[in-house]
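Asker: Structure file query.cif (mmCIF, C-alpha atoms and all ligand atoms) right here:
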```cif
data_entry
loop_
_atom_site.label_atom_id
_atom_site.label_comp_id
_atom_site.auth_asym_id
_atom_site.auth_seq_id
_atom_site.Cartn_x
_atom_site.Cartn_y
_atom_site.Cartn_z
CA MET R 1 49.77 -8.18 -2.76
CA ILE R 2 52.77 -7.78 -0.50
CA PRO R 3 52.71 -10.50 2.17
CA ILE R 4 53.23 -9.01 5.60
CA ALA R 5 53.52 -12.40 7.17
CA SER R 6 53.49 -16.01 6.14
CA ALA R 7 51.04 -18.82 7.03
CA GLN R 8 50.69 -17.82 10.65
CA PRO R 9 51.37 -14.17 11.42
CA GLU R 10 52.23 -13.00 14.90
CA SER R 11 49.27 -11.77 16.90
CA VAL R 12 48.72 -8.05 16.68
CA SER R 13 49.38 -7.56 20.36
CA ALA R 14 52.69 -9.40 20.01
CA ARG R 15 53.70 -7.17 17.15
CA ASP R 16 54.21 -3.46 17.78
CA VAL R 17 51.24 -1.52 16.37
CA GLN R 18 53.85 0.92 15.11
CA HIS R 19 54.50 -1.69 12.44
CA TYR R 20 51.19 -0.75 10.80
CA LEU R 21 51.80 2.96 11.26
CA ARG R 22 55.33 3.12 9.81
CA PRO R 23 55.93 5.26 6.71
CA GLY R 24 54.94 3.89 3.29
CA THR R 25 54.19 5.05 -0.23
CA LEU R 26 50.44 5.63 0.26
CA GLN R 27 49.00 8.84 1.70
CA LEU R 28 45.53 8.35 3.17
CA PRO R 29 44.28 11.77 4.34
CA ALA R 30 41.73 10.19 6.73
CA LEU R 31 40.43 6.74 7.59
CA PRO R 32 37.12 5.57 6.04
CA PRO R 33 34.06 4.42 8.05
CA LEU R 34 34.61 1.19 9.94
CA SER R 35 32.16 -1.75 9.97
CA LEU R 36 32.26 -4.98 11.93
CA TYR R 37 31.48 -8.39 10.42
CA ILE R 38 30.86 -11.44 12.65
CA HIS R 39 30.76 -14.89 11.03
CA LEU R 40 28.87 -17.91 12.39
CA PRO R 41 30.13 -20.94 10.43
CA TRP R 42 27.32 -23.46 11.03
CA CYS R 43 24.07 -24.40 9.28
CA LEU R 44 21.31 -26.98 9.80
CA ARG R 45 22.19 -28.50 6.41
CA LYS R 46 24.74 -27.61 3.73
CA CYS R 47 22.96 -26.28 0.61
CA PRO R 48 24.25 -27.92 -2.60
CA TYR R 49 25.16 -24.59 -4.24
CA CYS R 50 26.89 -22.96 -1.29
CA ASP R 51 30.64 -22.32 -1.09
CA PHE R 52 30.52 -20.13 1.99
CA ASN R 53 32.42 -21.20 5.11
CA SER R 54 29.49 -23.08 6.61
CA HIS R 55 29.41 -26.54 8.15
CA GLU R 56 26.51 -28.83 8.96
CA LEU R 57 25.69 -29.16 12.65
CA ARG R 58 22.86 -30.37 14.90
CA PRO R 59 21.59 -27.34 16.89
CA ALA R 60 22.17 -29.16 20.20
CA GLU R 61 25.87 -29.40 19.29
CA LEU R 62 26.38 -25.67 18.75
CA PRO R 63 29.37 -24.66 20.94
CA GLU R 64 27.73 -21.33 21.64
CA GLN R 65 29.61 -20.18 24.73
CA ARG R 66 33.01 -21.27 23.45
CA TYR R 67 32.43 -19.53 20.14
CA LEU R 68 31.35 -16.32 21.91
CA ASP R 69 34.49 -16.49 24.06
CA ALA R 70 36.58 -16.98 20.93
CA LEU R 71 34.94 -13.98 19.22
CA MET R 72 35.65 -11.78 22.23
CA ALA R 73 39.26 -12.95 22.42
CA ASP R 74 39.56 -12.27 18.69
CA LEU R 75 38.14 -8.76 19.13
CA GLU R 76 40.42 -8.02 22.09
CA ALA R 77 43.48 -9.00 20.04
CA ALA R 78 42.35 -6.78 17.13
CA LEU R 79 41.52 -3.69 19.21
CA PRO R 80 44.94 -2.02 18.85
CA LEU R 81 44.38 -1.89 15.06
CA ILE R 82 41.14 0.08 15.33
CA TRP R 83 41.90 2.08 18.42
CA GLY R 84 39.72 5.21 18.80
CA ARG R 85 37.57 4.43 15.76
CA THR R 86 33.76 4.36 15.81
CA VAL R 87 31.84 1.41 14.37
CA HIS R 88 29.16 2.42 11.84
CA SER R 89 27.53 -0.97 11.22
CA ILE R 90 27.61 -4.58 12.38
CA PHE R 91 26.65 -7.58 10.23
CA ILE R 92 26.22 -10.99 11.85
CA GLY R 93 26.38 -13.36 8.87
CA GLY R 94 27.04 -16.95 8.05
CA GLY R 95 26.36 -19.69 7.94
CA THR R 96 23.15 -19.37 9.86
CA PRO R 97 23.55 -16.88 12.73
CA SER R 98 19.84 -17.23 13.57
CA LEU R 99 20.91 -20.58 15.10
CA LEU R 100 22.32 -18.50 17.96
CA SER R 101 20.01 -18.06 20.92
CA PRO R 102 18.79 -14.47 21.46
CA GLU R 103 20.68 -14.56 24.78
CA ALA R 104 23.90 -15.27 22.88
CA VAL R 105 23.24 -12.40 20.46
CA ASP R 106 22.59 -10.17 23.47
CA LEU R 107 25.89 -11.23 25.05
CA LEU R 108 27.73 -10.78 21.77
CA LEU R 109 26.42 -7.26 21.20
CA GLY R 110 26.99 -6.40 24.87
CA GLY R 111 30.59 -7.60 24.58
CA ILE R 112 31.12 -5.49 21.46
CA ARG R 113 29.57 -2.37 23.04
CA ALA R 114 31.80 -2.80 26.10
CA ARG R 115 34.90 -2.71 23.89
CA LEU R 116 34.03 -0.41 21.01
CA ARG R 117 32.20 2.86 20.45
CA LEU R 118 29.18 2.39 18.16
CA GLU R 119 27.51 5.19 16.18
CA PRO R 120 24.20 6.06 17.87
CA ASP R 121 22.27 4.87 14.78
CA CYS R 122 24.57 1.89 14.15
CA GLU R 123 22.89 -0.56 11.73
CA ILE R 124 23.00 -4.10 13.19
CA THR R 125 21.97 -6.84 10.73
CA LEU R 126 21.49 -10.52 11.47
CA GLU R 127 21.06 -13.15 8.75
CA ALA R 128 18.12 -15.42 9.46
CA ASN R 129 17.14 -18.71 7.85
CA PRO R 130 13.36 -19.36 7.74
CA GLY R 131 14.19 -22.91 8.87
CA THR R 132 15.09 -21.45 12.28
CA PHE R 133 11.96 -19.31 12.49
CA GLU R 134 10.09 -19.05 15.77
CA LYS R 135 7.97 -15.99 16.48
CA ASP R 136 9.38 -15.07 19.89
CA ARG R 137 12.91 -15.78 18.78
CA PHE R 138 12.90 -13.15 16.01
CA ARG R 139 11.40 -10.58 18.42
CA ALA R 140 14.05 -11.41 20.99
CA PHE R 141 16.79 -10.70 18.39
CA ARG R 142 15.24 -7.23 18.08
CA SER R 143 15.29 -6.77 21.86
CA ALA R 144 18.94 -7.85 21.91
CA GLY R 145 19.75 -4.86 19.67
CA VAL R 146 19.50 -6.22 16.11
CA THR R 147 17.99 -3.44 13.95
CA ARG R 148 17.73 -5.24 10.61
CA LEU R 149 16.93 -8.84 9.71
CA SER R 150 18.15 -10.36 6.45
CA VAL R 151 15.94 -13.34 5.65
CA GLY R 152 17.45 -16.02 3.39
CA VAL R 153 14.29 -16.88 1.47
CA GLN R 154 15.85 -17.76 -1.94
CA SER R 155 12.43 -18.59 -3.44
CA PHE R 156 8.78 -18.93 -2.42
CA ASN R 157 8.28 -21.83 -4.83
CA ASP R 158 8.33 -25.23 -3.10
CA ASP R 159 9.78 -27.01 -6.18
CA CYS R 160 12.63 -24.49 -6.39
CA LEU R 161 13.25 -24.68 -2.65
CA LYS R 162 13.49 -28.45 -2.93
CA ALA R 163 15.86 -28.25 -5.90
CA LEU R 164 18.02 -25.86 -3.85
CA GLY R 165 18.10 -28.29 -0.91
CA ARG R 166 16.70 -25.65 1.46
CA VAL R 167 15.59 -26.72 4.93
CA HIS R 168 12.42 -24.59 4.78
CA ASP R 169 9.32 -24.47 2.59
CA ARG R 170 7.21 -21.63 1.18
CA ALA R 171 4.91 -21.44 4.22
CA GLN R 172 7.86 -21.09 6.63
CA ALA R 173 9.43 -18.46 4.38
CA ILE R 174 6.23 -16.39 4.35
CA ALA R 175 5.79 -16.72 8.12
CA ALA R 176 9.40 -15.63 8.70
CA VAL R 177 9.09 -12.61 6.43
CA GLU R 178 5.77 -11.53 7.97
CA GLU R 179 7.38 -11.66 11.38
CA ALA R 180 10.47 -9.75 10.18
CA ALA R 181 8.12 -7.05 8.83
CA GLN R 182 6.34 -6.73 12.17
CA ALA R 183 9.31 -6.92 14.49
CA PHE R 184 11.86 -4.82 12.55
CA ASP R 185 11.79 -1.31 11.07
CA THR R 186 13.79 -2.54 8.12
CA PHE R 187 14.62 -5.96 6.68
CA ASN R 188 16.01 -7.67 3.61
CA LEU R 189 15.05 -10.71 1.57
CA ASP R 190 17.74 -12.78 -0.18
CA ILE R 191 16.30 -14.18 -3.40
CA MET R 192 18.01 -16.24 -6.12
CA TYR R 193 16.95 -16.59 -9.76
CA ALA R 194 17.81 -18.70 -12.83
CA LEU R 195 17.04 -21.74 -10.69
CA PRO R 196 16.65 -25.37 -11.85
CA GLY R 197 13.27 -25.68 -13.59
CA GLN R 198 12.45 -21.97 -13.22
CA THR R 199 10.58 -20.21 -16.05
CA LEU R 200 9.77 -16.53 -16.57
CA GLU R 201 6.27 -17.24 -15.33
CA THR R 202 7.31 -19.02 -12.11
CA LEU R 203 9.85 -16.26 -11.47
CA ARG R 204 7.12 -13.65 -11.96
CA THR R 205 4.99 -15.37 -9.32
CA ASP R 206 8.00 -15.65 -7.00
CA VAL R 207 8.90 -11.95 -7.26
CA ALA R 208 5.22 -10.95 -6.92
CA THR R 209 4.98 -13.01 -3.72
CA ALA R 210 8.12 -11.35 -2.37
CA LEU R 211 6.89 -7.84 -3.22
CA ALA R 212 3.43 -8.46 -1.74
CA LEU R 213 5.18 -8.87 1.63
CA GLY R 214 6.40 -5.26 1.37
CA PRO R 215 10.17 -5.70 1.79
CA PRO R 216 12.06 -2.39 1.99
CA HIS R 217 15.17 -4.16 0.60
CA ILE R 218 15.79 -7.19 -1.63
CA SER R 219 19.10 -8.77 -2.64
CA ILE R 220 18.74 -10.85 -5.79
CA TYR R 221 21.48 -13.13 -7.04
CA GLN R 222 21.72 -15.28 -10.14
CA LEU R 223 22.45 -18.85 -9.04
CA THR R 224 26.08 -19.60 -9.84
CA ILE R 225 27.72 -23.00 -9.77
CA GLU R 226 30.71 -22.67 -7.46
CA ALA R 227 33.73 -24.99 -7.39
CA ASN R 228 33.80 -27.62 -4.63
CA THR R 229 30.04 -27.69 -4.15
CA TYR R 230 27.62 -30.57 -4.68
CA PHE R 231 26.21 -28.73 -7.73
CA ALA R 232 29.71 -28.53 -9.23
CA ARG R 233 29.92 -32.34 -9.10
CA PHE R 234 26.30 -32.95 -10.12
CA PRO R 235 25.29 -29.88 -12.15
CA PRO R 236 21.55 -29.23 -12.36
CA VAL R 237 19.98 -28.03 -15.63
CA LEU R 238 19.68 -24.25 -15.42
CA PRO R 239 17.99 -21.62 -17.62
CA ASP R 240 20.43 -20.43 -20.34
CA GLU R 241 22.18 -17.03 -20.24
CA ASP R 242 19.64 -15.30 -22.55
CA MET R 243 16.85 -16.46 -20.29
CA ALA R 244 18.82 -15.29 -17.24
CA TYR R 245 19.09 -11.77 -18.84
CA ASP R 246 15.33 -11.75 -19.45
CA MET R 247 14.78 -12.81 -15.86
CA LEU R 248 16.93 -9.97 -14.56
CA ASP R 249 15.00 -7.48 -16.72
CA LEU R 250 11.74 -8.82 -15.30
CA ILE R 251 13.06 -8.49 -11.73
CA THR R 252 14.26 -4.93 -12.31
CA ASP R 253 10.90 -3.92 -13.87
CA MET R 254 8.83 -5.50 -11.11
CA THR R 255 10.92 -4.16 -8.22
CA GLY R 256 11.06 -0.69 -9.85
CA ALA R 257 7.26 -0.64 -10.18
CA ALA R 258 7.06 -1.51 -6.47
CA GLY R 259 9.26 1.48 -5.55
CA LEU R 260 12.50 -0.42 -4.97
CA GLN R 261 15.44 1.14 -6.74
CA ARG R 262 18.32 -0.98 -8.04
CA TYR R 263 21.26 0.82 -6.41
CA GLU R 264 23.87 -1.94 -6.77
CA VAL R 265 24.18 -4.91 -9.13
CA SER R 266 22.22 -7.22 -6.79
CA ALA R 267 20.58 -4.81 -4.34
CA TYR R 268 17.19 -3.07 -4.54
CA ALA R 269 15.91 -0.69 -1.86
CA ALA R 270 13.09 1.64 -0.97
CA LYS R 271 14.10 5.22 -0.13
CA GLY R 272 16.00 5.34 3.16
CA HIS R 273 16.50 1.55 3.33
CA ARG R 274 19.84 1.01 1.58
CA CYS R 275 22.12 -1.31 3.52
CA PHE R 276 24.84 0.82 5.12
CA HIS R 277 27.04 -2.20 5.81
CA ASN R 278 27.15 -3.40 2.21
CA LEU R 279 27.46 0.17 0.91
CA ASN R 280 30.55 0.54 3.08
CA TYR R 281 32.10 -2.53 1.36
CA TRP R 282 31.31 -1.18 -2.10
CA GLN R 283 32.54 2.30 -1.17
CA PHE R 284 35.84 0.74 -0.10
CA GLY R 285 35.28 1.43 3.57
CA ASP R 286 37.02 -0.58 6.30
CA TYR R 287 35.75 -3.70 8.04
CA LEU R 288 37.02 -5.86 10.82
CA GLY R 289 35.88 -9.47 10.32
CA LEU R 290 35.71 -11.69 13.40
CA GLY R 291 34.91 -15.41 13.39
CA ALA R 292 35.96 -18.50 11.44
CA GLY R 293 37.29 -17.60 7.98
CA ALA R 294 36.25 -13.93 8.31
CA HIS R 295 37.99 -11.36 6.10
CA SER R 296 39.08 -7.87 7.18
CA LYS R 297 40.22 -4.76 5.33
CA LEU R 298 41.85 -2.14 7.50
CA SER R 299 43.39 1.18 6.52
CA PHE R 300 46.25 3.05 8.12
CA ALA R 301 47.87 6.36 7.17
CA HIS R 302 50.31 4.69 4.72
CA ARG R 303 48.91 1.23 3.96
CA VAL R 304 45.83 -0.94 3.51
CA VAL R 305 45.94 -4.40 5.06
CA ARG R 306 43.80 -7.49 4.44
CA GLN R 307 43.46 -10.30 6.96
CA VAL R 308 41.84 -13.74 6.97
CA ARG R 309 40.98 -15.67 10.16
CA PHE R 310 41.43 -19.47 10.44
CA ARG R 311 38.62 -21.12 8.50
CA GLU R 312 37.95 -24.42 10.22
CA PRO R 313 35.62 -23.62 13.17
CA ARG R 314 37.37 -25.69 15.84
CA LEU R 315 40.83 -24.57 14.81
CA TYR R 316 39.57 -20.98 14.79
CA MET R 317 38.25 -21.28 18.35
CA ASP R 318 41.51 -22.81 19.59
CA LYS R 319 43.61 -20.16 17.87
CA ALA R 320 41.43 -17.19 18.85
CA LEU R 321 41.34 -18.32 22.48
CA GLY R 322 45.11 -18.72 22.29
CA GLY R 323 45.41 -15.06 21.24
CA ASN R 324 45.98 -15.29 17.49
CA ALA R 325 43.13 -16.01 15.08
CA LEU R 326 44.99 -14.70 12.00
CA ALA R 327 45.74 -17.26 9.29
CA GLN R 328 46.92 -14.68 6.77
CA GLU R 329 47.75 -11.02 6.53
CA VAL R 330 48.84 -9.06 3.47
CA GLU R 331 49.48 -5.45 2.65
CA VAL R 332 47.61 -4.54 -0.56
CA GLY R 333 50.03 -3.35 -3.26
CA ARG R 334 49.44 -0.08 -5.15
CA THR R 335 48.14 -1.59 -8.40
CA ASP R 336 45.89 -4.11 -6.65
CA LEU R 337 44.51 -1.32 -4.50
CA ALA R 338 43.39 0.77 -7.48
CA PHE R 339 41.77 -2.28 -9.09
CA GLU R 340 40.05 -3.41 -5.89
CA PHE R 341 38.61 0.07 -5.38
CA MET R 342 37.18 0.07 -8.92
CA LEU R 343 35.93 -3.52 -8.66
CA ASN R 344 33.77 -2.48 -5.71
CA ALA R 345 32.80 1.09 -6.54
CA LEU R 346 31.63 0.32 -10.09
CA ARG R 347 29.04 -2.10 -8.69
CA LEU R 348 27.13 0.96 -7.51
CA LYS R 349 24.65 2.46 -9.97
CA ASP R 350 25.65 5.99 -8.88
CA GLY R 351 29.37 5.19 -8.93
CA PHE R 352 31.53 7.25 -6.56
CA PRO R 353 32.65 10.82 -5.83
CA VAL R 354 36.02 11.42 -7.55
CA ALA R 355 37.54 12.46 -4.20
CA HIS R 356 36.77 9.02 -2.69
CA PHE R 357 39.41 7.37 -4.85
CA GLY R 358 42.28 9.33 -3.28
CA GLU R 359 40.77 9.30 0.19
CA ARG R 360 40.37 5.52 0.29
CA THR R 361 43.36 4.25 -1.68
CA GLY R 362 45.92 6.94 -0.84
CA LEU R 363 46.74 7.09 -4.57
CA PRO R 364 46.41 9.97 -7.06
CA ILE R 365 43.52 9.69 -9.55
CA THR R 366 46.14 9.45 -12.32
CA ALA R 367 46.65 5.85 -11.14
CA ILE R 368 43.45 4.93 -13.04
CA GLN R 369 43.63 7.56 -15.79
CA LYS R 370 44.23 5.08 -18.64
CA GLY R 371 41.37 2.84 -17.57
CA LEU R 372 39.02 5.81 -17.20
CA GLU R 373 39.81 7.09 -20.69
CA LEU R 374 39.40 3.68 -22.27
CA ALA R 375 36.14 2.98 -20.44
CA GLU R 376 34.76 6.37 -21.47
CA ALA R 377 35.78 5.83 -25.09
CA LYS R 378 33.97 2.47 -25.07
CA GLY R 379 30.81 4.10 -23.66
CA LEU R 380 31.03 2.06 -20.44
CA LEU R 381 31.65 4.96 -18.06
CA GLU R 382 30.40 8.52 -17.44
CA ARG R 383 32.20 11.19 -15.44
CA ASP R 384 32.20 14.86 -14.57
CA LEU R 385 34.34 16.87 -12.17
CA ASP R 386 32.61 15.41 -9.11
CA ARG R 387 31.55 11.87 -9.90
CA ILE R 388 32.51 8.75 -11.85
CA LYS R 389 29.84 6.16 -12.60
CA PRO R 390 29.11 3.24 -14.90
CA SER R 391 26.99 4.16 -17.94
CA MET R 392 23.84 2.10 -18.47
CA ARG R 393 25.83 -0.08 -20.84
CA GLY R 394 28.73 -0.31 -18.36
CA PHE R 395 26.32 -1.44 -15.63
CA ASP R 396 24.95 -4.16 -17.96
CA PHE R 397 28.45 -5.31 -18.98
CA LEU R 398 30.13 -4.78 -15.65
CA ASN R 399 32.83 -7.44 -16.08
CA ASP R 400 34.03 -5.72 -19.28
CA LEU R 401 34.13 -2.38 -17.48
CA GLN R 402 35.90 -3.68 -14.37
CA SER R 403 38.49 -5.58 -16.40
CA LEU R 404 39.76 -2.28 -17.88
CA PHE R 405 41.20 -1.51 -14.44
CA LEU R 406 43.01 -4.83 -13.98
CA PRO R 407 46.70 -4.46 -13.14
CA THR R 408 48.64 -5.02 -16.40
CA SER R 409 50.22 -8.20 -15.06
CA LYS R 410 46.77 -9.80 -14.54
CA LYS R 411 45.17 -8.89 -17.88
CA THR R 412 44.38 -11.93 -20.03
C1 LIG R 501 26.11 -15.74 2.94
S1 LIG R 501 24.70 -16.42 2.22
C2 LIG R 501 23.97 -16.72 3.75
C3 LIG R 501 22.49 -16.61 3.94
C4 LIG R 501 21.83 -17.66 4.78
N1 LIG R 501 22.77 -18.59 5.29
C5 LIG R 501 20.81 -18.41 3.98
O1 LIG R 501 21.23 -19.11 3.06
O2 LIG R 501 19.64 -18.34 4.31
C6 LIG R 501 24.00 -14.97 1.51
C7 LIG R 501 23.24 -15.18 0.24
O3 LIG R 501 24.09 -15.48 -0.85
C8 LIG R 501 23.31 -16.10 -1.86
N2 LIG R 501 24.08 -17.21 -2.43
C9 LIG R 501 24.75 -18.18 -1.77
N3 LIG R 501 25.34 -19.03 -2.64
C10 LIG R 501 25.00 -18.63 -3.90
C11 LIG R 501 25.26 -19.11 -5.22
N4 LIG R 501 25.99 -20.20 -5.45
N5 LIG R 501 24.75 -18.41 -6.27
C12 LIG R 501 24.03 -17.29 -6.05
N6 LIG R 501 23.74 -16.80 -4.84
C13 LIG R 501 24.21 -17.46 -3.76
C14 LIG R 501 22.02 -16.56 -1.22
O4 LIG R 501 20.96 -15.74 -1.66
C15 LIG R 501 22.27 -16.32 0.25
O5 LIG R 501 21.11 -16.00 0.96
S1 LIG R 502 21.97 -21.89 4.74
FE1 LIG R 502 23.11 -20.25 3.69
S2 LIG R 502 25.24 -20.40 4.43
FE2 LIG R 502 24.14 -22.28 5.07
S3 LIG R 502 24.69 -23.75 3.50
FE3 LIG R 502 22.75 -22.80 2.88
S4 LIG R 502 23.31 -20.99 1.62
FE4 LIG R 502 25.16 -21.70 2.68
#
```
Can the structure from this file be put into structure tokens for me?
Answerer:
Amino acid sequence: MIPIASAQPESVSARDVQHYLRPGTLQLPALPPLSLYIHLPWCLRKCPYCDFNSHELRPAELPEQRYLDALMADLEAALPLIWGRTVHSIFIGGGTPSLLSPEAVDLLLGGIRARLRLEPDCEITLEANPGTFEKDRFRAFRSAGVTRLSVGVQSFNDDCLKALGRVHDRAQAIAAVEEAAQAFDTFNLDIMYALPGQTLETLRTDVATALALGPPHISIYQLTIEANTYFARFPPVLPDEDMAYDMLDLITDMTGAAGLQRYEVSAYAAKGHRCFHNLNYWQFGDYLGLGAGAHSKLSFAHRVVRQVRFREPRLYMDKALGGNALAQEVEVGRTDLAFEFMLNALRLKDGFPVAHFGERTGLPITAIQKGLELAEAKGLLERDLDRIKPSMRGFDFLNDLQSLFLPTSKKT
């Protein structure tokens, strides 16, 4: 990474936009699709496994209007960097964005529409926690313009939910999903597996319960113990790795039989219900991230830039309202760029069109030639003139495959 600026970069408006457009060694023939990510950094309770930028808060203390004002100020300051571009998807994530009132979501989306052009069929996802479920509330999110609800269920088993410290139980999870199915044309369930005390049989029941609710999309993650979480300090007993592999096989079989195709490492979808927003991340598209701790990746004709907003919610609001929410900005170096593209694109079962590599990194395909040859020789990768994709083995041993594209300096 080449730092563009130190701890606190100048605001974009203060700096000439020409700075981003000046000549450089990359040649991007066109800019990729642009998505918008909005982060809400508060939750009813902090889950013991969670390392996301989320902070516990009583709903009555939510500084809704001030946060909305900060998001709009943040967007205004970032506009020069995405001037003239159309937004293809919006993801309101967290944290627990379903803590926002429907009126606030309406204002937020109205504010975005007033400042940016959205694709007519722009996908607009909102993450919802069943602990915030109220019937009319979910419907009102739909009326405010949300097209897709992502329900953070995690499990339908009350013992697992308790072990995960979730604020909701099985009955609330089912009620929330039933409502999502009625109020939205498409929705997602977040599920986790390899949970404390979970067996193949309890997982089977869990997945069967999820599938009986007819979700067009499921995201399934293996529970990982992240640094600086409660579980890192007090680790629970988890199923071993062999069991976790068996669990993943069971999930893939059951979802496949229900017509959901595994199209990315953790994502399963019915035909026509893949998540555009996440696909854009994996296909190395662009995204502008607004809100506390949000990350952005933005392309220009001769460079790709990553940004991070201030993480602590109150500091973020102060800084954004003061005109500069950026805590960090770096220009991605050539070798990191090739690796980052492969890290994302190889997560997709169908891989990527060969032409995407040059279009989205501005580099010639020869930049990854060695890695491609090695991966092919090891049986981890398949390619023809049009497409490069992980082999079945490569998909199963993704870390091994991705590590072949690490910049030499970072190889262990
Ligand atoms: C950004 S989180 C937010 C979702 C929402 N706040 C919720 O929990 O209901 C998105 C998803 O990541 C998954 N996740 C979070 N921490 C995880 C961990 N340590 N291991 C595996 N999956 C995790 C959960 O499935 C979660 O729903
Ligand atoms: S509700 Fe979601 S974001 Fe909030 S602490 Fe739990 S897992 Fe993290």
Asker: Once you count all atoms listed in the file, what closest atom pair and distance in Å to one decimal does each residue of chain R within 9 Å of ligand LIG 501 (chain R) have, with rows by chain and rising residue number, as CSV?
Answerer:
```
residue,atom,partner,partner_atom,distance
R:Trp42,CA,R:LIG501,N1,8.8
R:Cys43,CA,R:LIG501,N1,7.2
R:Cys47,CA,R:LIG501,O1,7.8
R:Pro48,CA,R:LIG501,N4,8.4
R:Tyr49,CA,R:LIG501,N4,4.6
R:Cys50,CA,R:LIG501,N3,4.4
R:Asp51,CA,R:LIG501,N3,6.4
R:Phe52,CA,R:LIG501,C1,6.3
R:Asn53,CA,R:LIG501,C1,8.6
R:Ser54,CA,R:LIG501,N1,8.2
R:Gly93,CA,R:LIG501,C1,6.4
R:Gly94,CA,R:LIG501,C2,5.3
R:Gly95,CA,R:LIG501,N1,4.6
R:Thr96,CA,R:LIG501,N1,4.7
R:Pro97,CA,R:LIG501,N1,7.7
R:Ser98,CA,R:LIG501,N1,8.9
R:Glu127,CA,R:LIG501,C4,6.1
R:Ala128,CA,R:LIG501,O2,6.1
R:Asn129,CA,R:LIG501,O2,4.3
R:Pro130,CA,R:LIG501,O2,7.2
R:Gly131,CA,R:LIG501,O2,8.4
R:Ser150,CA,R:LIG501,C3,8.0
R:Val151,CA,R:LIG501,O2,6.4
R:Gly152,CA,R:LIG501,O2,3.3
R:Val153,CA,R:LIG501,O2,6.2
R:Gln154,CA,R:LIG501,O4,5.5
R:Arg166,CA,R:LIG501,O1,8.1
R:Leu189,CA,R:LIG501,O5,8.1
R:Asp190,CA,R:LIG501,O4,4.6
R:Ile191,CA,R:LIG501,O4,5.2
R:Met192,CA,R:LIG501,O4,5.4
R:Tyr193,CA,R:LIG501,C12,8.0
R:Ser219,CA,R:LIG501,O4,7.3
R:Ile220,CA,R:LIG501,O4,6.8
R:Tyr221,CA,R:LIG501,N6,4.8
R:Gln222,CA,R:LIG501,C12,5.1
R:Leu223,CA,R:LIG501,N5,3.6
R:Thr224,CA,R:LIG501,N5,4.0
R:Ile225,CA,R:LIG501,N4,5.4
R:Glu226,CA,R:LIG501,N4,5.7
R:Thr229,CA,R:LIG501,N4,8.6
R:Phe231,CA,R:LIG501,N4,8.8
```
Asker: Find the spatial neighbours of range 282-284 of chain R, counting all atoms listed in the file, within a cut-off of 7 Å - ignore same-chain residues fewer than 2 positions away - and output them as a count of residues only.
Answerer: 8
Asker: Quick one: of R:Gly84, R:Gly285, R:Gly165, R:Pro313, who's nearest to ligand LIG 502 (chain R), counting all atoms listed in the file?
Answerer: R:Gly165
Asker: Using all atoms listed in the file, which of R:Arg113, R:Lys46, R:Lys297, R:His39 sits nearest ligand LIG 502 (chain R)?
Answerer: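 Using all atoms listed in the file, the shortest distance to ligand LIG 502 (chain R) belongs to R:Lys46.
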Asker: Enumerate, as a ChimeraX atom specification, the protein, DNA and RNA residues whose atoms approach (38.3, 8.7, 8.5) to within 12 Å, taking into account all atoms listed in the file and the coordinate frame of the file.
Answerer: /R:28-34,82,84-88,284-286,298-301,356,359-360
Asker: List the spatial neighbours of range 371-387 of chain R as a PyMOL selection string - criterion: any atom at most 8 Å away, only C-alpha atoms, same-chain residues fewer than 2 positions off excluded.
Answerer: chain R and resi 351-355+368-369+389-395+397+401+404-405
Asker: Kindly add N, CA and C atoms to the incomplete range 187-195 of chain R and provide the output as a short mmCIF file (atom, residue, chain, number, x, y, z; two decimals), in the coordinates of the input.
Answerer:
```cif
data_model
loop_
_atom_site.label_atom_id
_atom_site.label_comp_id
_atom_site.auth_asym_id
_atom_site.auth_seq_id
_atom_site.Cartn_x
_atom_site.Cartn_y
_atom_site.Cartn_z
N PHE R 187 14.15 -4.58 6.85
CA PHE R 187 14.62 -5.96 6.68
C PHE R 187 14.92 -6.21 5.21
N ASN R 188 15.61 -7.31 4.97
CA ASN R 188 16.01 -7.67 3.61
C ASN R 188 15.56 -9.09 3.31
N LEU R 189 15.26 -9.34 2.03
CA LEU R 189 15.05 -10.71 1.57
C LEU R 189 16.16 -11.07 0.61
N ASP R 190 16.80 -12.23 0.81
CA ASP R 190 17.74 -12.78 -0.18
C ASP R 190 16.94 -13.67 -1.10
N ILE R 191 17.02 -13.38 -2.40
CA ILE R 191 16.30 -14.18 -3.40
C ILE R 191 17.34 -14.62 -4.44
N MET R 192 17.16 -15.82 -5.00
CA MET R 192 18.01 -16.24 -6.12
C MET R 192 17.13 -16.50 -7.35
N TYR R 193 17.71 -16.31 -8.54
CA TYR R 193 16.95 -16.59 -9.76
C TYR R 193 17.82 -17.39 -10.73
N ALA R 194 17.19 -17.77 -11.87
CA ALA R 194 17.81 -18.70 -12.83
C ALA R 194 18.05 -20.04 -12.13
N LEU R 195 16.98 -20.52 -11.49
CA LEU R 195 17.04 -21.74 -10.69
C LEU R 195 16.66 -22.96 -11.54
#
```
